[in-house]
Protein chains: 2
Amino acid sequence: MAYAQPAHKSSNHHDGWSALADPTRRAIFELIAERPRPVGDVADHLPVSRPAVSQHLKVLKDAGLVVDRPIGNRRIYRLNPDGVEAMRAYLDRFWNQALAAFKVAAEQRAQEVE
Amino acid sequence: MAYAQPAHKSSNHHDGWSALADPTRRAIFELIAERPRPVGDVADHLPVSRPAVSQHLKVLKDAGLVVDRPIGNRRIYRLNPDGVEAMRAYLDRFWNQALAAFKVAAEQRAQEVE
DNA sequence: CGGTTGCGTAAGCCTATGCTTACCGTAAGC
DNA sequence: GCTTACGGTAAGCATAGGCTTACGCAACCG
């Protein structure tokens, strides 16, 4: 084999992690967290074009981090607590493991000193 | 202006979010969470080459998510609780905001029904 | 109703990045 | 001291992905 990508089943790369990996997208995420906003309002606060914001919002939505609701002419985006909670739970789990491992390591060091 | 990237100050893109965005890197993260491991051991559990693992570990280390310690011939990598905690704290904050906004939205809907 | 406003989508460019193979130190083992 | 094991780094390639402009459509406004 000369070359290999990690064998993605199709093209689904769109979890919360890659969604928040991009700085612009994280800025959008934070703006929306501040208060629910229509697309144009978000774009006004950022140095990128409005279509770029639309594209980012699609990614955030696919990742389950935001939801939108049409209000007349506009779409209001707001955070989706469930999506945020899912990532929080993941980190929580590994944080506990990290702490446990850390404690073990500390004890081993203590024994080395004896 | 014909084209513009988001104006990164230099090339520092390496926060915990982009570190965990890659599926292979997340797998490495989880293997190390399970228990501290040398590089080769991690590579044995993944469908990518050892140098690829080395590169991923460098990213995770730069992001502050893992630390390493040389033991004789090998380097043992383990999770860094501080790095995980930082991301956890970030999500926590927005989770609270999301919940608050959600509550407000629910109340507004309730009023609409009246 | 014609004009305006708000937003999603398409096409296309350029950079970032994940992978591979090749190579080079350094520590262990005989 | 050689040989082997471990792992970091370099070079190079192919795809992913973030941005822009152009466009289309629906809702609102006079």
# chains A, B, ... in the order shown; residues from 1 in each chain; ligands from 1
call {"tool": "interface_residues", "arguments": {"of": "chain D", "to": "chain A", "cutoff": "8 Å", "atoms": "only C-alpha atoms (C1' of nucleotides)", "output": "short mmCIF file (atom, residue, chain, number, x, y, z; two decimals) with C-alpha atoms (C1' of nucleotides), in the first residue's frame"}}
result
data_model
loop_
_atom_site.label_atom_id
_atom_site.label_comp_id
_atom_site.auth_asym_id
_atom_site.auth_seq_id
_atom_site.Cartn_x
_atom_site.Cartn_y
_atom_site.Cartn_z
"C1'" DG D 18 -12.40 27.40 4.97
"C1'" DC D 19 -12.81 31.37 2.28
"C1'" DT D 20 -14.63 34.23 -1.59
"C1'" DA D 26 -38.76 33.38 0.19
"C1'" DA D 27 -40.56 36.79 3.19
"C1'" DC D 28 -41.35 41.67 4.10
#
call {"tool": "residues_around", "arguments": {"residues": "range 1-11 of chain D", "least_positions_apart": "2", "cutoff": "12 Å", "atoms": "only C-alpha atoms (C1' of nucleotides)", "output": "ChimeraX atom specification"}}
result
/B:38-41,43,49-58,70-76 /C:20-30 /D:13
call {"tool": "interface_residues", "arguments": {"of": "chain B", "to": "chain A", "cutoff": "8 Å", "atoms": "only C-alpha atoms", "output": "ChimeraX atom specification"}}
result
/B:6,17-22,24,30,33-36,47-48,78-81,84-85,87-88,91-92,94-95,97-99,101-102
call {"tool": "interface_residues", "arguments": {"of": "chain C", "to": "chain A", "cutoff": "8 Å", "atoms": "only C-alpha atoms (C1' of nucleotides)", "output": "number ranges by chain"}}
result
C: 6-8, 18-20
call {"tool": "write_last_selection", "arguments": {"atoms": "N, CA and C atoms (P, O5', C5', C4', C3', O3' and C1' of nucleotides)", "output": "PDB file, in the first residue's frame"}}
result
ATOM      1  P    DG C   6     -31.665  42.508   6.473  1.00  0.00           P
ATOM      2  O5'  DG C   6     -31.874  40.939   6.295  1.00  0.00           O
ATOM      3  C5'  DG C   6     -33.048  40.348   6.805  1.00  0.00           C
ATOM      4  C4'  DG C   6     -32.953  38.856   6.649  1.00  0.00           C
ATOM      5  C3'  DG C   6     -31.578  38.297   7.019  1.00  0.00           C
ATOM      6  O3'  DG C   6     -31.761  37.123   7.799  1.00  0.00           O
ATOM      7  C1'  DG C   6     -32.136  37.662   4.817  1.00  0.00           C
ATOM      8  P    DC C   7     -30.538  36.389   8.472  1.00  0.00           P
ATOM      9  O5'  DC C   7     -30.292  35.124   7.562  1.00  0.00           O
ATOM     10  C5'  DC C   7     -31.224  34.836   6.590  1.00  0.00           C
ATOM     11  C4'  DC C   7     -31.074  33.450   6.007  1.00  0.00           C
ATOM     12  C3'  DC C   7     -29.769  32.706   6.205  1.00  0.00           C
ATOM     13  O3'  DC C   7     -30.031  31.322   6.121  1.00  0.00           O
ATOM     14  C1'  DC C   7     -29.994  33.263   3.943  1.00  0.00           C
ATOM     15  P    DG C   8     -29.032  30.221   6.720  1.00  0.00           P
ATOM     16  O5'  DG C   8     -29.007  29.127   5.545  1.00  0.00           O
ATOM     17  C5'  DG C   8     -30.233  28.566   5.102  1.00  0.00           C
ATOM     18  C4'  DG C   8     -30.086  28.113   3.667  1.00  0.00           C
ATOM     19  C3'  DG C   8     -28.903  27.175   3.420  1.00  0.00           C
ATOM     20  O3'  DG C   8     -29.317  26.052   2.672  1.00  0.00           O
ATOM     21  C1'  DG C   8     -28.819  29.001   1.923  1.00  0.00           C
ATOM     22  P    DG C  18      -4.545  16.572  11.180  1.00  0.00           P
ATOM     23  O5'  DG C  18      -4.576  15.026  10.826  1.00  0.00           O
ATOM     24  C5'  DG C  18      -5.513  14.520   9.886  1.00  0.00           C
ATOM     25  C4'  DG C  18      -4.876  13.446   9.051  1.00  0.00           C
ATOM     26  C3'  DG C  18      -3.923  12.526   9.825  1.00  0.00           C
ATOM     27  O3'  DG C  18      -4.237  11.165   9.519  1.00  0.00           O
ATOM     28  C1'  DG C  18      -2.848  13.395   7.918  1.00  0.00           C
ATOM     29  P    DC C  19      -3.534   9.969  10.251  1.00  0.00           P
ATOM     30  O5'  DC C  19      -2.600   9.380   9.109  1.00  0.00           O
ATOM     31  C5'  DC C  19      -3.193   8.714   7.996  1.00  0.00           C
ATOM     32  C4'  DC C  19      -2.203   8.628   6.856  1.00  0.00           C
ATOM     33  C3'  DC C  19      -0.917   7.884   7.198  1.00  0.00           C
ATOM     34  O3'  DC C  19      -1.063   6.495   6.940  1.00  0.00           O
ATOM     35  C1'  DC C  19      -0.517   9.839   5.862  1.00  0.00           C
ATOM     36  P    DT C  20       0.086   5.483   7.403  1.00  0.00           P
ATOM     37  O5'  DT C  20       1.168   5.603   6.234  1.00  0.00           O
ATOM     38  C5'  DT C  20       0.761   5.345   4.878  1.00  0.00           C
ATOM     39  C4'  DT C  20       1.896   5.692   3.936  1.00  0.00           C
ATOM     40  C3'  DT C  20       3.202   5.004   4.329  1.00  0.00           C
ATOM     41  O3'  DT C  20       3.487   3.955   3.426  1.00  0.00           O
ATOM     42  C1'  DT C  20       3.536   7.349   3.934  1.00  0.00           C
TER      43       DT C  20
END
call {"tool": "atom_distance", "arguments": {"atom1": "CA of Ala86 in chain A", "atom2": "CA of Ala63 in chain B"}}
result
21.3 Å
call {"tool": "select_by_dssp", "arguments": {"residues": "range 3-94 of chain B", "states": "strand (DSSP E or B)", "output": "list in words"}}
result
Arg37, Pro38, Val66, Val67, Asp68, Arg69, Pro70, Ile71, Arg74, Arg75, Ile76, Tyr77, Arg78 and Leu79 of chain B
call {"tool": "select_by_dssp", "arguments": {"residues": "range 54-85 of chain B", "states": "alpha helix (DSSP H)", "output": "JSON, numbers by chain"}}
result
{"B": [54, 55, 56, 57, 58, 59, 60, 61, 62, 81, 82, 83, 84, 85]}
